[in-house]
Amino acid sequence: MITRTGLLGVALAGMLVGCAGAAGEREALTISLKGEQQNAGSIAQASLVARGEVTDITYLIGSVPIGVSRPLQLYTFIYSGSCAQLSAEPAYSTNNTTQATPTESGWMLSREVPVALGDLRSEPHALVVRTSPADGSTDIFCGDIREQ
């Protein structure tokens, strides 16, 4: 587990450096995602990078619950509120593609959301990762968008 955490951190750091170096200084934020009840103890991170009125999000997922179908299909949402109290409906759905890419330390998903990172930070928001409808639409990770 420690190795997987280290690999996720190194991979995310590399992606953030690559993004900043390509276009000068960019606003970026890395969020630890907490495994939800049916995925307790699992690790994941999300990297949010500002690109004008769009925010790029890269998720690195360490593990998913046993029995989740392969190829791995994960759905991602941004809710108003916090993981402790999500709004009734997502503010943003980022599911134009759902297949995760396998990596040496888990899976990776890249998404974009049509909102500036500053706007996401200006009010409480939370990132949610959910299994596919075929796997029960179960929330498996959540992380609050805030300074960390």
# chains A, B, ... in the order shown; residues from 1 in each chain; ligands from 1
>>> select_by_dssp(residues="range 31-123 of chain A", states="strand (DSSP E)", output="PyMOL selection string")
chain A and resi 31-35+43-51+54-61+74-82+85-86+92-93+101-103+106-113
>>> residues_around(residues="Ala44 in chain A", least_positions_apart="3", cutoff="7 Å", atoms="only C-alpha atoms", output="list in words")
Ser32, Leu33, Leu60, Ile61 and Gly62 of chain A
>>> residues_around(residues="range 84-86 of chain A", least_positions_apart="2", cutoff="12 Å", atoms="only C-alpha atoms", output="ChimeraX atom specification")
/A:34,36,77-82,88-91,124-128,139,142-144
>>> select_by_dssp(residues="range 13-91 of chain A", states="alpha helix (DSSP H)", output="list in words")
Ala13, Gly14, Met15, Leu16, Val17, Gly18, Cys19, Ala20, Gly21, Ala22 and Ala23 of chain A
>>> atom_distance(atom1="CA of Ile140 in chain A", atom2="CA of Thr103 in chain A")
18.6 Å
>>> closest_residue(among="A:Thr76, A:Ser87, A:Ser63, A:Thr94", to="Ser137 in chain A", atoms="only C-alpha atoms")
A:Thr76
>>> residues_around(residues="Ala46 in chain A", least_positions_apart="3", cutoff="6 Å", atoms="only C-alpha atoms", output="PyMOL selection string")
chain A and resi 30-31+58-59
